[in-house]
Amino acid sequence: VNKTYSLSVTKPFYTPEGISLGYDIYRRDVNTSSLNLVTYNTSSYGAGLRFGVPLSEKNAINYGLTLDTTEVSNLKRGVSPDRYVDYCSKVSGNTDAGACTVNSAIASLGWSIDSRDDILFPKKGELRRVNGEVTLPGLDMQMYKVTLQETWYKDVTKDLTFMLNGQFGYTNSYGGKPFPFYKNFYTGGVNSVRGYAQGSIGPYCVPGSTECPSTTSTSNIFLGGNKQIIANAELFMPVPFLKNNNQFRLSAFVDAGNVYSSEQSINLGDLRYSAGAGILWVSPFGPLKLVYAKPFNNQSHDKTESIQFQMGQQF
């Protein structure tokens, strides 16, 4: 689904005061054909410059600018949703464009507090992030995005750690420009609401309908949204009878979340919930996570998965 090639260089003490300087170049390819999403391809490449300014030992702000070019393809009138083809048509000036190239300059600003006592297996502390992005006017894309995250850890006993996590995101376009559909939020999967397939919570359409005319899919197609809410509660514990507990951790969790389209208002009654257990192994190849989850208020159009696996990324 995702292929990313990136190179980042950071100078942590660019100035004597501890201001950091970073350079990034990247190429990201996305192919949604194997997901429960409308099929489209994007290829993004760009370069960025970023700065980090420490306000204290645990408090910092960061800002930067990224130049990005995204090529959207594999769209077709009568097969893809009209809103997707309309977006490329407006960008390219071609009435039935099946592809388009979108140029943007993205300015970012963020603030964070990180008082966790450990990065991989924290037992106490807080992680708070507030990030904003806006694309500069005059290019093909004019949009903004705000994301908030608050994660709190508490050591209940020597071996038990309780975690609460909350996330909120909002994005939209401005200046009369169309919103890029591929920038929608998607919820569901091992890093959001476990027990639901990746991206399979929220607005959807039925194949053969006006919104999704494609007849190649036999299951509902999920469209994502411009508003996102995620909440998690998790209890972490060591693996019993295991001598080296620095690499393994068990957990029991409850998740909740949903995404909402621009036509919808946020309704907490529409949140999806799940509960389950998981194990995390910090292997020589990166973190490996295996979870078993059971949704307990899923709807008939939701796509669920009891067992989910991920390699290479922490929650």
# chains A, B, ... in the order shown; residues from 1 in each chain; ligands from 1
call {"tool": "residues_around", "arguments": {"residues": "Ala252 in chain A", "least_positions_apart": "2", "cutoff": "10 Å", "atoms": "only C-alpha atoms", "output": "ChimeraX atom specification"}}
result
/A:162,233-237,250,254,275-279,291-293
call {"tool": "write_last_selection", "arguments": {"atoms": "N, CA, C and O atoms", "output": "mmCIF file, in the first residue's frame"}}
result
data_model
loop_
_atom_site.group_PDB
_atom_site.id
_atom_site.type_symbol
_atom_site.label_atom_id
_atom_site.label_comp_id
_atom_site.auth_asym_id
_atom_site.auth_seq_id
_atom_site.Cartn_x
_atom_site.Cartn_y
_atom_site.Cartn_z
ATOM 1 N N PHE A 162 -0.531 2.292 33.311
ATOM 2 C CA PHE A 162 -1.800 2.658 32.692
ATOM 3 C C PHE A 162 -1.578 3.832 31.741
ATOM 4 O O PHE A 162 -0.864 4.783 32.065
ATOM 5 N N ALA A 233 -7.431 3.597 25.886
ATOM 6 C CA ALA A 233 -7.043 3.319 27.268
ATOM 7 C C ALA A 233 -6.364 1.956 27.273
ATOM 8 O O ALA A 233 -6.905 0.993 26.718
ATOM 9 N N GLU A 234 -5.171 1.867 27.883
ATOM 10 C CA GLU A 234 -4.403 0.628 27.782
ATOM 11 C C GLU A 234 -3.649 0.366 29.080
ATOM 12 O O GLU A 234 -3.126 1.298 29.709
ATOM 13 N N LEU A 235 -3.615 -0.897 29.479
ATOM 14 C CA LEU A 235 -2.874 -1.329 30.658
ATOM 15 C C LEU A 235 -1.731 -2.221 30.213
ATOM 16 O O LEU A 235 -1.950 -3.262 29.589
ATOM 17 N N PHE A 236 -0.494 -1.806 30.504
ATOM 18 C CA PHE A 236 0.697 -2.540 30.087
ATOM 19 C C PHE A 236 1.253 -3.347 31.246
ATOM 20 O O PHE A 236 1.214 -2.908 32.407
ATOM 21 N N MET A 237 1.802 -4.515 30.901
ATOM 22 C CA MET A 237 2.345 -5.417 31.923
ATOM 23 C C MET A 237 3.461 -6.256 31.313
ATOM 24 O O MET A 237 3.505 -6.459 30.091
ATOM 25 N N LEU A 250 3.111 -6.982 27.391
ATOM 26 C CA LEU A 250 1.722 -7.340 27.139
ATOM 27 C C LEU A 250 0.822 -6.141 27.443
ATOM 28 O O LEU A 250 1.204 -5.249 28.212
ATOM 29 N N VAL A 254 -8.832 -0.726 25.436
ATOM 30 C CA VAL A 254 -10.135 -0.331 24.907
ATOM 31 C C VAL A 254 -9.895 0.850 23.988
ATOM 32 O O VAL A 254 -9.231 1.821 24.369
ATOM 33 N N ALA A 275 -12.193 -3.734 22.090
ATOM 34 C CA ALA A 275 -11.377 -4.110 23.244
ATOM 35 C C ALA A 275 -10.577 -5.339 22.876
ATOM 36 O O ALA A 275 -10.974 -6.126 22.009
ATOM 37 N N GLY A 276 -9.433 -5.514 23.537
ATOM 38 C CA GLY A 276 -8.618 -6.686 23.228
ATOM 39 C C GLY A 276 -7.318 -6.697 23.991
ATOM 40 O O GLY A 276 -7.166 -5.997 25.007
ATOM 41 N N ALA A 277 -6.385 -7.487 23.489
ATOM 42 C CA ALA A 277 -5.078 -7.653 24.131
ATOM 43 C C ALA A 277 -4.003 -7.715 23.055
ATOM 44 O O ALA A 277 -4.285 -8.043 21.891
ATOM 45 N N GLY A 278 -2.792 -7.397 23.435
ATOM 46 C CA GLY A 278 -1.709 -7.392 22.461
ATOM 47 C C GLY A 278 -0.367 -7.671 23.095
ATOM 48 O O GLY A 278 -0.218 -7.684 24.327
ATOM 49 N N ILE A 279 0.629 -7.891 22.254
ATOM 50 C CA ILE A 279 2.001 -8.092 22.702
ATOM 51 C C ILE A 279 2.921 -7.295 21.796
ATOM 52 O O ILE A 279 2.724 -7.232 20.582
ATOM 53 N N VAL A 291 -1.902 -7.999 17.862
ATOM 54 C CA VAL A 291 -3.045 -7.734 18.733
ATOM 55 C C VAL A 291 -4.225 -8.613 18.341
ATOM 56 O O VAL A 291 -4.376 -9.005 17.179
ATOM 57 N N TYR A 292 -5.047 -8.916 19.337
ATOM 58 C CA TYR A 292 -6.339 -9.552 19.123
ATOM 59 C C TYR A 292 -7.395 -8.596 19.670
ATOM 60 O O TYR A 292 -7.344 -8.210 20.852
ATOM 61 N N ALA A 293 -8.324 -8.174 18.842
ATOM 62 C CA ALA A 293 -9.323 -7.192 19.251
ATOM 63 C C ALA A 293 -10.708 -7.612 18.795
ATOM 64 O O ALA A 293 -10.870 -8.253 17.758
#
call {"tool": "residues_around", "arguments": {"residues": "Cys205 in chain A", "least_positions_apart": "5", "cutoff": "10 Å", "atoms": "only C-alpha atoms", "output": "PyMOL selection string"}}
result
chain A and resi 37-38+81+210-213+219-223+301
call {"tool": "residues_around", "arguments": {"residues": "Pro295 in chain A", "least_positions_apart": "5", "cutoff": "10 Å", "atoms": "only C-alpha atoms", "output": "ChimeraX atom specification"}}
result
/A:193-196,254-256,272-276,302,304-306
call {"tool": "write_last_selection", "arguments": {"atoms": "C-alpha atoms", "output": "compact mmCIF listing (two decimals), in the first residue's frame"}}
result
# COMPACT_ATOMS: atom_id res chain seq x y z
CA VAL A 193 -9.10 1.64 16.62
CA ARG A 194 -7.96 -1.96 16.70
CA GLY A 195 -10.31 -4.71 15.56
CA TYR A 196 -11.38 -2.73 12.50
CA VAL A 254 -10.14 -0.33 24.91
CA ASP A 255 -10.23 1.85 21.77
CA ALA A 256 -12.73 4.33 20.37
CA ARG A 272 -16.81 2.82 17.16
CA TYR A 273 -15.43 0.82 20.10
CA SER A 274 -13.26 -2.25 20.51
CA ALA A 275 -11.38 -4.11 23.24
CA GLY A 276 -8.62 -6.69 23.23
CA ASP A 302 -17.98 -1.97 8.96
CA THR A 304 -13.58 -5.96 11.13
CA GLU A 305 -10.39 -7.95 11.77
CA SER A 306 -9.79 -9.95 14.94
call {"tool": "residues_around", "arguments": {"residues": "Leu136 in chain A", "least_positions_apart": "2", "cutoff": "9 Å", "atoms": "only C-alpha atoms", "output": "short mmCIF file (atom, residue, chain, number, x, y, z; two decimals) with C-alpha atoms, in the first residue's frame"}}
result
data_model
loop_
_atom_site.label_atom_id
_atom_site.label_comp_id
_atom_site.auth_asym_id
_atom_site.auth_seq_id
_atom_site.Cartn_x
_atom_site.Cartn_y
_atom_site.Cartn_z
CA SER A 104 2.29 22.78 -2.95
CA ALA A 105 4.45 24.59 -0.40
CA ILE A 106 3.62 23.44 3.14
CA ALA A 107 4.48 25.59 6.17
CA VAL A 134 -0.95 25.31 5.91
CA GLY A 138 -0.74 30.65 -5.25
CA LEU A 139 -0.09 26.97 -6.00
CA MET A 141 -3.25 23.13 -3.23
CA GLN A 142 -4.62 25.50 -0.60
CA MET A 143 -5.49 23.66 2.61
#
call {"tool": "select_by_dssp", "arguments": {"residues": "range 188-274 of chain A", "states": "strand (DSSP E)", "output": "VMD selection string"}}
result
chain A and resid 204 to 205 221 to 222 227 to 237 248 to 260 272 to 274
call {"tool": "select_by_dssp", "arguments": {"residues": "range 106-283 of chain A", "states": "helix (DSSP H, G or I)", "output": "PyMOL selection string"}}
result
chain A and resi 181-183+268-270
call {"tool": "residues_around", "arguments": {"residues": "range 17-31 of chain A", "least_positions_apart": "5", "cutoff": "6 Å", "atoms": "only C-alpha atoms", "output": "PyMOL selection string"}}
result
chain A and resi 1-12+41-53
call {"tool": "write_last_selection", "arguments": {"atoms": "C-alpha atoms", "output": "short mmCIF file (atom, residue, chain, number, x, y, z; two decimals), in the first residue's frame"}}
result
data_model
loop_
_atom_site.label_atom_id
_atom_site.label_comp_id
_atom_site.auth_asym_id
_atom_site.auth_seq_id
_atom_site.Cartn_x
_atom_site.Cartn_y
_atom_site.Cartn_z
CA VAL A 1 0.00 0.00 0.00
CA ASN A 2 2.72 2.47 1.01
CA LYS A 3 6.31 2.74 -0.17
CA THR A 4 8.50 5.47 1.28
CA TYR A 5 12.08 6.39 0.43
CA SER A 6 13.44 9.18 2.62
CA LEU A 7 16.69 10.71 3.77
CA SER A 8 16.83 13.05 6.76
CA VAL A 9 19.80 14.83 8.30
CA THR A 10 19.57 16.67 11.62
CA LYS A 11 22.10 18.95 13.28
CA PRO A 12 20.92 18.93 16.92
CA ASN A 41 -2.46 6.04 -6.91
CA THR A 42 -0.35 8.91 -5.64
CA SER A 43 3.38 9.52 -6.01
CA SER A 44 4.75 12.34 -3.89
CA TYR A 45 8.28 13.70 -3.85
CA GLY A 46 9.70 16.75 -2.19
CA ALA A 47 12.25 18.38 0.10
CA GLY A 48 11.96 20.25 3.36
CA LEU A 49 13.80 22.39 5.86
CA ARG A 50 12.92 22.35 9.57
CA PHE A 51 14.03 23.95 12.83
CA GLY A 52 13.54 22.87 16.44
CA VAL A 53 13.70 25.42 19.27
#
call {"tool": "closest_residue", "arguments": {"among": "A:Ser112, A:Gly166, A:Met311, A:Asn59", "to": "Gly286 in chain A", "atoms": "only C-alpha atoms"}}
result
A:Met311
call {"tool": "decode", "arguments": {"residues": "range 81-95 of chain A", "atoms": "all heavy atoms", "output": "mmCIF file, in the first residue's frame"}}
result
data_model
loop_
_atom_site.group_PDB
_atom_site.id
_atom_site.type_symbol
_atom_site.label_atom_id
_atom_site.label_comp_id
_atom_site.auth_asym_id
_atom_site.auth_seq_id
_atom_site.Cartn_x
_atom_site.Cartn_y
_atom_site.Cartn_z
ATOM 1 N N PRO A 81 -15.269 7.835 -7.907
ATOM 2 C CA PRO A 81 -16.254 8.831 -7.455
ATOM 3 C C PRO A 81 -16.094 10.151 -8.218
ATOM 4 O O PRO A 81 -14.980 10.583 -8.507
ATOM 5 C CB PRO A 81 -15.922 8.999 -5.973
ATOM 6 C CG PRO A 81 -15.287 7.707 -5.581
ATOM 7 C CD PRO A 81 -14.516 7.260 -6.784
ATOM 8 N N ASP A 82 -17.212 10.787 -8.523
ATOM 9 C CA ASP A 82 -17.176 12.035 -9.290
ATOM 10 C C ASP A 82 -16.321 13.092 -8.599
ATOM 11 O O ASP A 82 -15.618 13.866 -9.253
ATOM 12 C CB ASP A 82 -18.598 12.566 -9.501
ATOM 13 C CG ASP A 82 -19.352 11.770 -10.554
ATOM 14 O OD1 ASP A 82 -18.696 10.998 -11.292
ATOM 15 O OD2 ASP A 82 -20.585 11.902 -10.625
ATOM 16 N N ARG A 83 -16.383 13.136 -7.237
ATOM 17 C CA ARG A 83 -15.642 14.183 -6.533
ATOM 18 C C ARG A 83 -14.131 14.009 -6.720
ATOM 19 O O ARG A 83 -13.387 14.989 -6.706
ATOM 20 C CB ARG A 83 -15.989 14.179 -5.048
ATOM 21 C CG ARG A 83 -15.497 12.951 -4.282
ATOM 22 C CD ARG A 83 -15.692 13.095 -2.777
ATOM 23 N NE ARG A 83 -17.086 12.971 -2.386
ATOM 24 C CZ ARG A 83 -17.478 13.012 -1.114
ATOM 25 N NH1 ARG A 83 -16.614 13.195 -0.155
ATOM 26 N NH2 ARG A 83 -18.753 12.857 -0.818
ATOM 27 N N TYR A 84 -13.674 12.758 -6.907
ATOM 28 C CA TYR A 84 -12.246 12.529 -7.114
ATOM 29 C C TYR A 84 -11.824 12.997 -8.513
ATOM 30 O O TYR A 84 -10.806 13.666 -8.678
ATOM 31 C CB TYR A 84 -11.926 11.044 -6.945
ATOM 32 C CG TYR A 84 -12.017 10.529 -5.523
ATOM 33 C CD1 TYR A 84 -12.682 11.253 -4.535
ATOM 34 C CD2 TYR A 84 -11.460 9.308 -5.164
ATOM 35 C CE1 TYR A 84 -12.773 10.782 -3.237
ATOM 36 C CE2 TYR A 84 -11.544 8.827 -3.866
ATOM 37 C CZ TYR A 84 -12.211 9.575 -2.913
ATOM 38 O OH TYR A 84 -12.298 9.111 -1.632
ATOM 39 N N VAL A 85 -12.625 12.626 -9.524
ATOM 40 C CA VAL A 85 -12.313 13.047 -10.890
ATOM 41 C C VAL A 85 -12.455 14.562 -11.024
ATOM 42 O O VAL A 85 -11.649 15.214 -11.698
ATOM 43 C CB VAL A 85 -13.229 12.318 -11.897
ATOM 44 C CG1 VAL A 85 -12.886 12.736 -13.321
ATOM 45 C CG2 VAL A 85 -13.091 10.801 -11.748
ATOM 46 N N ASP A 86 -13.469 15.132 -10.359
ATOM 47 C CA ASP A 86 -13.667 16.580 -10.407
ATOM 48 C C ASP A 86 -12.472 17.321 -9.841
ATOM 49 O O ASP A 86 -12.101 18.397 -10.331
ATOM 50 C CB ASP A 86 -14.934 16.972 -9.645
ATOM 51 C CG ASP A 86 -16.202 16.525 -10.347
ATOM 52 O OD1 ASP A 86 -16.119 16.207 -11.552
ATOM 53 O OD2 ASP A 86 -17.266 16.486 -9.691
ATOM 54 N N TYR A 87 -11.856 16.750 -8.786
ATOM 55 C CA TYR A 87 -10.690 17.410 -8.199
ATOM 56 C C TYR A 87 -9.559 17.510 -9.223
ATOM 57 O O TYR A 87 -8.987 18.584 -9.433
ATOM 58 C CB TYR A 87 -10.208 16.641 -6.964
ATOM 59 C CG TYR A 87 -8.924 17.210 -6.393
ATOM 60 C CD1 TYR A 87 -8.954 18.347 -5.600
ATOM 61 C CD2 TYR A 87 -7.693 16.624 -6.665
ATOM 62 C CE1 TYR A 87 -7.788 18.895 -5.090
ATOM 63 C CE2 TYR A 87 -6.523 17.160 -6.170
ATOM 64 C CZ TYR A 87 -6.582 18.298 -5.382
ATOM 65 O OH TYR A 87 -5.417 18.845 -4.894
ATOM 66 N N CYS A 88 -9.237 16.394 -9.869
ATOM 67 C CA CYS A 88 -8.163 16.413 -10.864
ATOM 68 C C CYS A 88 -8.547 17.265 -12.075
ATOM 69 O O CYS A 88 -7.680 17.884 -12.699
ATOM 70 C CB CYS A 88 -7.813 14.988 -11.306
ATOM 71 S SG CYS A 88 -6.476 14.238 -10.334
ATOM 72 N N SER A 89 -9.828 17.296 -12.407
ATOM 73 C CA SER A 89 -10.267 18.122 -13.530
ATOM 74 C C SER A 89 -10.025 19.601 -13.247
ATOM 75 O O SER A 89 -9.572 20.360 -14.120
ATOM 76 C CB SER A 89 -11.750 17.876 -13.814
ATOM 77 O OG SER A 89 -11.973 16.536 -14.201
ATOM 78 N N LYS A 90 -10.316 20.034 -12.021
ATOM 79 C CA LYS A 90 -10.115 21.431 -11.664
ATOM 80 C C LYS A 90 -8.634 21.778 -11.613
ATOM 81 O O LYS A 90 -8.229 22.876 -12.004
ATOM 82 C CB LYS A 90 -10.778 21.717 -10.325
ATOM 83 C CG LYS A 90 -12.293 21.672 -10.375
ATOM 84 C CD LYS A 90 -12.904 21.930 -9.014
ATOM 85 C CE LYS A 90 -14.430 21.860 -9.087
ATOM 86 N NZ LYS A 90 -15.058 22.079 -7.760
ATOM 87 N N VAL A 91 -7.813 20.853 -11.133
ATOM 88 C CA VAL A 91 -6.379 21.121 -11.035
ATOM 89 C C VAL A 91 -5.735 21.152 -12.412
ATOM 90 O O VAL A 91 -4.907 22.024 -12.718
ATOM 91 C CB VAL A 91 -5.691 20.069 -10.140
ATOM 92 C CG1 VAL A 91 -4.166 20.210 -10.199
ATOM 93 C CG2 VAL A 91 -6.164 20.199 -8.696
ATOM 94 N N SER A 92 -6.129 20.210 -13.272
ATOM 95 C CA SER A 92 -5.474 20.073 -14.579
ATOM 96 C C SER A 92 -6.140 20.892 -15.681
ATOM 97 O O SER A 92 -5.531 21.156 -16.719
ATOM 98 C CB SER A 92 -5.441 18.605 -14.997
ATOM 99 O OG SER A 92 -6.764 18.127 -15.221
ATOM 100 N N GLY A 93 -7.416 21.264 -15.468
ATOM 101 C CA GLY A 93 -8.146 21.970 -16.511
ATOM 102 C C GLY A 93 -8.745 21.053 -17.555
ATOM 103 O O GLY A 93 -9.303 21.507 -18.551
ATOM 104 N N ASN A 94 -8.662 19.732 -17.336
ATOM 105 C CA ASN A 94 -9.212 18.726 -18.253
ATOM 106 C C ASN A 94 -10.515 18.187 -17.659
ATOM 107 O O ASN A 94 -10.530 17.729 -16.521
ATOM 108 C CB ASN A 94 -8.198 17.602 -18.456
ATOM 109 C CG ASN A 94 -8.660 16.569 -19.469
ATOM 110 O OD1 ASN A 94 -9.790 16.604 -19.929
ATOM 111 N ND2 ASN A 94 -7.772 15.655 -19.809
ATOM 112 N N THR A 95 -11.598 18.205 -18.388
ATOM 113 C CA THR A 95 -12.921 17.876 -17.858
ATOM 114 C C THR A 95 -12.985 16.489 -17.232
ATOM 115 O O THR A 95 -13.555 16.308 -16.160
ATOM 116 C CB THR A 95 -13.987 17.976 -18.961
ATOM 117 O OG1 THR A 95 -13.938 19.274 -19.533
ATOM 118 C CG2 THR A 95 -15.367 17.718 -18.389
#
